[in-house]
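Q: Just one file: upload.txt, with compact mmCIF, C-alpha atoms.
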```
# COMPACT_ATOMS: atom_id res chain seq x y z
CA MET F 17 11.77 -19.72 22.57
CA ARG F 18 12.07 -20.38 26.28
CA ARG F 19 10.93 -17.47 28.44
CA LYS F 20 13.52 -15.81 30.67
CA ILE F 21 11.45 -16.07 33.84
CA PRO F 22 12.61 -17.22 37.31
CA SER F 23 10.80 -20.02 39.09
CA THR F 24 7.47 -19.17 40.72
CA ALA F 25 8.74 -20.58 44.02
CA ALA F 26 11.67 -18.15 43.99
CA LEU F 27 9.42 -15.19 43.21
CA ILE F 28 6.97 -16.09 45.99
CA ALA F 29 9.82 -16.48 48.47
CA PHE F 30 11.32 -13.15 47.42
CA GLU F 31 7.97 -11.30 47.62
CA ALA F 32 7.33 -12.60 51.14
CA ALA F 33 10.87 -11.79 52.31
CA ALA F 34 10.68 -8.31 50.77
CA ARG F 35 7.31 -7.61 52.37
CA HIS F 36 8.47 -8.74 55.83
CA GLN F 37 12.08 -7.53 55.43
CA SER F 38 12.94 -10.87 57.06
CA PHE F 39 13.86 -14.32 55.78
CA THR F 40 12.66 -15.85 59.07
CA ARG F 41 9.16 -14.36 58.86
CA ALA F 42 8.90 -15.25 55.18
CA ALA F 43 9.77 -18.84 56.06
CA GLU F 44 7.07 -18.89 58.75
CA GLU F 45 4.45 -17.51 56.35
CA LEU F 46 5.27 -20.02 53.62
CA SER F 47 5.81 -22.98 56.00
CA LEU F 48 9.39 -23.40 54.80
CA THR F 49 12.73 -23.41 56.55
CA GLN F 50 14.84 -20.28 56.65
CA SER F 51 17.56 -22.06 54.69
CA ALA F 52 15.03 -22.88 51.96
CA ILE F 53 14.13 -19.19 51.66
CA CYS F 54 17.84 -18.31 51.52
CA ARG F 55 18.40 -20.83 48.73
CA GLN F 56 15.44 -19.57 46.70
CA ILE F 57 16.51 -15.93 46.99
CA GLY F 58 20.16 -16.75 46.35
CA GLY F 59 19.15 -18.61 43.20
CA LEU F 60 16.99 -15.67 42.12
CA GLU F 61 19.91 -13.24 42.64
CA ASP F 62 22.16 -15.52 40.57
CA PHE F 63 19.50 -15.65 37.84
CA LEU F 64 19.17 -11.84 37.78
CA GLY F 65 22.87 -11.16 38.21
CA LEU F 66 22.36 -8.62 41.00
CA ALA F 67 21.85 -8.44 44.75
CA LEU F 68 18.30 -7.97 46.01
CA PHE F 69 19.15 -7.83 49.73
CA ARG F 70 21.98 -6.47 51.85
CA ARG F 71 22.78 -9.02 54.55
CA SER F 72 24.19 -8.20 57.96
CA ARG F 73 24.20 -9.72 61.46
CA ARG F 74 21.17 -7.55 62.24
CA GLY F 75 19.10 -9.00 59.38
CA VAL F 76 18.41 -8.21 55.75
CA GLN F 77 17.46 -5.04 53.92
CA LEU F 78 16.35 -4.57 50.33
CA THR F 79 18.77 -2.94 47.91
CA GLU F 80 17.48 -0.22 45.61
CA ALA F 81 17.15 -2.80 42.82
CA GLY F 82 15.40 -5.14 45.26
CA GLN F 83 12.85 -2.47 46.21
CA SER F 84 12.00 -1.77 42.57
CA TYR F 85 11.76 -5.47 41.69
CA ALA F 86 9.65 -6.22 44.78
CA ARG F 87 7.03 -3.62 43.79
CA ARG F 88 6.73 -5.06 40.31
CA ILE F 89 6.67 -8.69 41.38
CA ALA F 90 4.04 -8.05 44.09
CA SER F 91 1.63 -6.50 41.58
CA GLN F 92 2.20 -9.35 39.10
CA LEU F 93 1.64 -12.04 41.72
CA ASP F 94 -1.54 -10.25 42.83
CA ALA F 95 -2.77 -10.31 39.22
CA VAL F 96 -2.00 -14.02 38.86
CA GLU F 97 -3.85 -14.72 42.11
CA ARG F 98 -6.91 -12.72 40.96
CA ASP F 99 -6.99 -14.53 37.63
CA THR F 100 -6.62 -17.90 39.33
CA LEU F 101 -9.45 -17.20 41.78
CA SER F 102 -11.60 -15.96 38.92
CA VAL F 103 -11.09 -19.17 36.94
CA MET F 104 -11.69 -21.29 40.05
CA GLY F 105 -14.91 -19.40 40.75
CA GLN F 106 -16.37 -19.77 37.29
CA GLN F 107 -16.92 -23.54 37.40
CA GLY F 108 -17.99 -23.60 33.76
CA ALA F 109 -19.74 -20.21 33.83
CA THR F 110 -19.10 -17.31 31.46
CA SER F 111 -17.60 -14.05 32.64
CA LEU F 112 -17.97 -10.73 30.78
CA GLU F 113 -15.56 -7.88 31.46
CA LEU F 114 -17.22 -4.55 30.66
CA ALA F 115 -15.74 -1.06 30.65
CA VAL F 116 -18.46 1.43 31.60
CA VAL F 117 -18.78 5.19 31.85
CA PRO F 118 -19.15 5.50 35.63
CA THR F 119 -22.37 7.40 36.38
CA PHE F 120 -24.32 5.66 33.62
CA GLY F 121 -23.07 2.34 34.97
CA THR F 122 -24.10 3.01 38.57
CA GLN F 123 -27.33 4.96 37.98
CA TRP F 124 -28.85 3.26 34.93
CA LEU F 125 -27.21 -0.13 34.35
CA LEU F 126 -26.76 -1.49 37.88
CA PRO F 127 -30.42 -1.13 38.94
CA ARG F 128 -31.38 -3.27 35.92
CA LEU F 129 -28.53 -5.78 35.94
CA ARG F 130 -30.27 -8.15 38.35
CA HIS F 131 -32.85 -8.82 35.62
CA PHE F 132 -30.08 -10.03 33.33
CA GLN F 133 -28.62 -12.16 36.12
CA ALA F 134 -32.02 -13.77 36.65
CA ARG F 135 -32.31 -14.50 32.92
CA GLN F 136 -28.69 -15.66 32.44
CA PRO F 137 -27.42 -16.93 35.83
CA GLN F 138 -24.46 -18.65 34.19
CA ILE F 139 -23.05 -15.30 32.98
CA THR F 140 -21.17 -13.09 35.42
CA VAL F 141 -20.86 -9.42 34.45
CA ASN F 142 -17.87 -7.52 35.86
CA LEU F 143 -17.79 -3.72 35.56
CA THR F 144 -14.78 -1.39 35.49
CA ASN F 145 -14.90 2.40 35.11
CA ARG F 146 -13.50 3.86 31.88
CA THR F 147 -14.41 7.37 30.73
CA ARG F 148 -12.61 7.41 27.37
CA PRO F 149 -12.05 5.03 24.41
CA PHE F 150 -9.11 2.65 24.52
CA LEU F 151 -7.58 -0.16 22.46
CA PHE F 152 -9.40 -3.39 23.23
CA ALA F 153 -6.29 -5.34 22.19
CA ASP F 154 -4.41 -3.80 25.13
CA THR F 155 -7.01 -4.83 27.72
CA ASP F 156 -9.07 -7.80 28.91
CA PHE F 157 -12.38 -6.04 28.22
CA ASP F 158 -15.01 -7.89 26.21
CA ALA F 159 -17.10 -4.77 25.50
CA ALA F 160 -17.64 -1.18 26.60
CA LEU F 161 -20.59 1.00 27.52
CA TYR F 162 -19.50 4.34 26.13
CA PHE F 163 -20.78 7.83 25.39
CA GLY F 164 -19.78 9.34 22.08
CA ASP F 165 -20.41 9.22 18.34
CA ALA F 166 -19.69 5.48 17.90
CA ASP F 167 -16.53 6.25 15.90
CA TRP F 168 -14.36 3.58 17.52
CA SER F 169 -12.06 1.67 15.21
CA GLY F 170 -12.35 -2.12 15.15
CA THR F 171 -15.69 -2.27 16.97
CA GLU F 172 -19.36 -2.94 16.33
CA ALA F 173 -21.61 -0.22 17.78
CA HIS F 174 -25.10 -0.74 19.24
CA PHE F 175 -27.07 2.42 20.02
CA LEU F 176 -28.78 2.58 23.41
CA MET F 177 -29.99 6.15 23.98
CA HIS F 178 -29.34 9.83 23.46
CA GLU F 179 -28.24 12.17 26.22
CA ASP F 180 -30.50 15.12 27.09
CA LEU F 181 -28.76 17.75 29.22
CA GLN F 182 -30.62 20.08 31.59
CA PRO F 183 -29.21 22.72 33.99
CA VAL F 184 -29.64 21.73 37.64
CA CYS F 185 -28.54 23.33 40.86
CA SER F 186 -29.08 23.47 44.60
CA PRO F 187 -32.48 24.95 45.55
CA ALA F 188 -30.55 27.52 47.58
CA LEU F 189 -29.27 29.07 44.33
CA LEU F 190 -32.84 29.70 43.17
CA ASP F 191 -33.47 31.82 46.26
CA GLY F 192 -37.18 31.08 46.16
CA ALA F 193 -37.58 31.52 42.40
CA GLY F 194 -39.13 28.75 40.36
CA GLN F 195 -36.27 28.87 37.88
CA LEU F 196 -33.43 31.13 36.78
CA ASP F 197 -33.72 33.47 33.83
CA LEU F 198 -30.96 33.06 31.27
CA ASP F 199 -29.08 36.23 32.23
CA THR F 200 -28.93 35.18 35.89
CA LEU F 201 -27.94 31.63 34.99
CA ALA F 202 -25.13 32.85 32.73
CA ARG F 203 -23.65 34.89 35.58
CA LEU F 204 -23.50 31.92 37.98
CA PRO F 205 -20.52 29.54 38.15
CA LEU F 206 -20.96 27.00 35.33
CA LEU F 207 -19.73 23.56 36.36
CA GLN F 208 -17.86 21.99 33.44
CA GLN F 209 -17.46 18.31 32.63
CA THR F 210 -14.02 17.25 31.42
CA THR F 211 -15.33 14.74 28.87
CA ARG F 212 -17.90 17.22 27.47
CA PRO F 213 -15.93 20.49 27.33
CA TYR F 214 -18.37 22.23 24.94
CA ALA F 215 -21.59 21.21 26.69
CA TRP F 216 -22.50 24.65 28.05
CA ARG F 217 -21.61 26.36 24.76
CA GLN F 218 -23.85 23.93 22.88
CA TRP F 219 -26.65 24.42 25.39
CA PHE F 220 -26.54 28.22 25.03
CA ASP F 221 -26.15 27.93 21.22
CA SER F 222 -29.34 25.85 21.07
CA LEU F 223 -31.13 28.90 22.54
CA GLY F 224 -29.46 31.28 20.09
CA LEU F 225 -27.26 32.81 22.80
CA LYS F 226 -23.56 33.61 22.96
CA VAL F 227 -22.10 33.66 26.47
CA ALA F 228 -18.49 34.79 26.81
CA ARG F 229 -17.75 32.64 29.86
CA ASP F 230 -19.54 29.48 28.71
CA MET F 231 -16.36 27.38 28.99
CA THR F 232 -15.10 28.73 32.31
CA GLY F 233 -15.75 27.22 35.71
CA PRO F 234 -14.58 24.24 37.80
CA ARG F 235 -13.88 21.15 35.68
CA LEU F 236 -14.95 17.74 36.96
CA GLU F 237 -14.71 14.39 35.19
CA LEU F 238 -17.89 12.55 36.20
CA PHE F 239 -21.59 13.39 36.30
CA SER F 240 -21.62 12.12 39.88
CA MET F 241 -18.99 14.76 40.74
CA LEU F 242 -20.98 17.46 38.98
CA ALA F 243 -24.09 16.45 40.91
CA GLN F 244 -22.26 16.65 44.24
CA ALA F 245 -20.74 20.02 43.38
CA ALA F 246 -24.12 21.41 42.32
CA GLU F 247 -25.79 19.99 45.42
CA HIS F 248 -23.26 21.84 47.59
CA GLY F 249 -24.00 25.14 45.88
CA MET F 250 -20.82 25.40 43.83
CA GLY F 251 -22.70 26.33 40.67
CA VAL F 252 -25.04 25.08 37.94
CA ALA F 253 -24.41 21.73 36.21
CA LEU F 254 -25.64 20.25 32.94
CA ILE F 255 -26.72 16.68 33.75
CA PRO F 256 -29.16 14.22 32.14
CA PRO F 257 -32.09 14.04 34.59
CA PHE F 258 -32.24 10.22 34.40
CA LEU F 259 -28.80 10.05 36.07
CA ILE F 260 -29.87 12.10 39.11
CA GLN F 261 -33.40 10.82 39.76
CA ARG F 262 -32.81 10.37 43.50
CA GLU F 263 -31.34 13.83 43.93
CA LEU F 264 -34.26 15.39 42.05
CA ALA F 265 -36.86 13.35 43.95
CA ASP F 266 -35.32 14.31 47.30
CA GLY F 267 -35.12 17.98 46.34
CA ARG F 268 -31.36 18.07 46.77
CA LEU F 269 -31.13 19.23 43.15
CA VAL F 270 -33.74 21.16 41.15
CA PRO F 271 -33.99 22.22 37.50
CA ALA F 272 -32.41 25.64 37.10
CA HIS F 273 -34.03 26.16 33.68
CA PRO F 274 -36.55 24.05 31.70
CA HIS F 275 -34.60 23.97 28.44
CA VAL F 276 -33.17 20.54 27.58
CA TYR F 277 -30.42 20.08 24.99
CA ARG F 278 -29.92 16.80 23.13
CA SER F 279 -26.28 16.03 22.40
CA GLY F 280 -26.63 15.81 18.62
CA THR F 281 -25.59 12.48 17.11
CA ARG F 282 -23.72 11.47 20.24
CA GLY F 283 -25.22 8.97 22.62
CA TYR F 284 -24.69 5.91 24.78
CA TYR F 285 -23.52 2.82 22.89
CA LEU F 286 -22.51 -0.75 23.58
CA MET F 287 -19.21 -1.18 21.76
CA ILE F 288 -18.11 -4.75 20.96
CA PRO F 289 -14.70 -5.46 19.41
CA GLU F 290 -15.04 -7.20 16.06
CA ARG F 291 -13.18 -10.26 17.31
CA LYS F 292 -15.85 -10.76 20.01
CA VAL F 293 -19.06 -10.29 18.02
CA GLU F 294 -19.75 -14.05 17.86
CA SER F 295 -19.39 -14.57 21.62
CA ALA F 296 -22.54 -16.26 22.90
CA GLY F 297 -22.33 -14.49 26.27
CA LEU F 298 -21.95 -11.08 24.63
CA ILE F 299 -24.80 -11.74 22.22
CA ALA F 300 -27.07 -12.58 25.16
CA PHE F 301 -26.00 -9.43 27.02
CA LYS F 302 -26.32 -7.26 23.90
CA ASP F 303 -29.85 -8.48 23.15
CA TRP F 304 -30.96 -7.94 26.76
CA LEU F 305 -29.35 -4.50 26.98
CA LYS F 306 -30.89 -3.27 23.72
CA ASP F 307 -34.32 -4.44 24.89
CA GLU F 308 -33.87 -2.59 28.20
CA ALA F 309 -32.76 0.58 26.43
CA ALA F 310 -35.67 0.40 23.96
CA LEU F 311 -38.11 -0.02 26.87
CA TRP F 312 -36.55 2.96 28.65
CA ARG F 313 -36.80 5.13 25.52
CA ARG F 314 -40.49 4.27 25.14
CA GLU F 315 -41.13 5.15 28.79
CA GLN F 316 -39.47 8.53 28.26
CA GLY F 317 -41.80 9.25 25.38
```
How does this structure look as structure tokens?

A:
Amino acid sequence: MRRKIPSTAALIAFEAAARHQSFTRAAEELSLTQSAICRQIGGLEDFLGLALFRRSRRGVQLTEAGQSYARRIASQLDAVERDTLSVMGQQGATSLELAVVPTFGTQWLLPRLRHFQARQPQITVNLTNRTRPFLFADTDFDAALYFGDADWSGTEAHFLMHEDLQPVCSPALLDGAGQLDLDTLARLPLLQQTTRPYAWRQWFDSLGLKVARDMTGPRLELFSMLAQAAEHGMGVALIPPFLIQRELADGRLVPAHPHVYRSGTRGYYLMIPERKVESAGLIAFKDWLKDEAALWRREQG
């Protein structure tokens, strides 16, 4: 069935005229005559069956329908342009679109990714932040680096590493002490992570303690946010030390207590949708990533 879509030329002319609020300036941008712009937009209005501009001797102004349509068309044309430039830039190369949990992506994956690029220069890896599972069918992602229990329908899971959480804080909160005793720690503001709402409760439980306010405190979505909040003295945060190595090395953050809690069966996984498991590019990335994770686990002892 034929799609009910206006001509690309009409959409481009409309987007330029809407952005400039002027047929004359749109014509100059597109190297067309003003009458050509008028014809394209008139044809588009006939196609849609509604007016997109109000015309007067002082110029043109978008109607309410025109404003709404212009916003949608601009974003769609931007997407087409991005996809076109991406295809033009590949020149026979393979591109992988990965969804990654943000702090893990920036602190662990990115410092190692150059090694994969050196091994597989024909494969380009693009990263986009995603903190929660999603339907692969609704996105352009080829795979995801995810923290959880690997229960993700329609995917193949590859374990990378567990997550060990340790309380950290600004050295100012220690007030000269080497660490905080549990009673003192429990009275301080406990920084909560949105995606791990029971983290503090599980940490205290692993020590056989019940703390009434273990789920209260400022809620932040990312480990990077927790680290910044802790660094600025807002409270104590539970963060895997390998994600804040620079902050610990610089003394901006210090361990508040030596106890480390491992997040049970949950961990970091590479999730590949079943329809993509035979992709040569993904197989190469998967094999490299699992080797890197295995090496990291051995180094951690």

Q: Env of segment 50-60 of chain F: 9 Å cut, atoms = all atoms listed in the file, seq-sep filter 4 positions within chain, self excluded. Answer as an MDAnalysis selection string.

A: chainID F and resid 22:23 25:27 29:30 33 39:44 64:69

Q: At a cut-off of 10 Å from (-29.8, 13.2, 19.1) in the coordinates of the file, what residues are picked up using all atoms listed in the file, written as a ChimeraX atom specification?

A: /F:177-180,277-283

Q: Using all atoms listed in the file, which of the listed residues (F:Arg235, F:Arg18, F:Arg212, F:Arg70) sits closest to Leu181 of chain F?

A: F:Arg212

Q: Restricting the calculation to all atoms listed in the file: of F:Ala243, F:Ala300, F:Leu129, F:Leu223, which residue gets closest to Gln261 of chain F?

A: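 The shortest atom-to-atom distance to Gln261 of chain F comes from F:Ala243.
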
Q: Which residues are near Gln123 of chain F? Cut-off 12 Å, all atoms listed in the file, ignore same chain within fewer than 5 positions. Put them as a PyMOL selection string.

A: chain F and resi 116-118+128-129+239-240+256-263

Q: Can you pull out the residues contacting Asp303 of chain F? Cut-off 12 Å, using all atoms listed in the file, and skip same-chain residues under 6 positions away; I want them as a ChimeraX atom specification.

A: /F:132,135-136,174-176,286,296-297,309-310

Q: Need the shell around segment 269-274 of chain F: protein/DNA/RNA residues with any atom at most 12 Å away, counting only C-alpha atoms. Skip same-chain ones fewer than 4 positions apart. Format as a VMD selection string?

A: chain F and resid 180 to 202 204 206 219 to 220 223 242 to 249 251 to 257 259 to 265

Q: Box for segment 229-239 of chain F - axis-aligned, 8 Å on each of the six sides, all listed atoms - centre and size in Å to one decimal, as AutoDock Vina command-line options.

A:
```
--center_x -17.7 --center_y 22.6 --center_z 33.3 --size_x 23.7 --size_y 36.1 --size_z 25.1
```

Q: Rank F:Val276, F:Ala34, F:Leu305, F:Val141 by their smallest atom-to-atom distance to Thr110 of chain F, using all atoms listed in the file, and report the top residue only.

A: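 Using all atoms listed in the file, Thr110 of chain F sits closest to F:Val141.
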
Q: Taking all atoms listed in the file into account, which of F:Thr232, F:Pro289, F:Trp216, F:Asp307 comes nearest Thr155 of chain F?

A: F:Pro289

Q: Determine, counting only C-alpha atoms, which protein, DNA and RNA residues have an atom within 12 Å of an atom of Ile299 of chain F; residues of the same chain fewer than 4 positions away are not included. Present the result as a PyMOL selection string.

A: chain F and resi 112+136+139+158-159+172+174+286-288+292-295+303-306

Q: What does the distance from atom CA of Thr147 of chain F to atom CA of Thr119 of chain F come to in Å, to one decimal?

A: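 We find that atom CA of Thr147 of chain F and atom CA of Thr119 of chain F lie 9.8 Å from each other.
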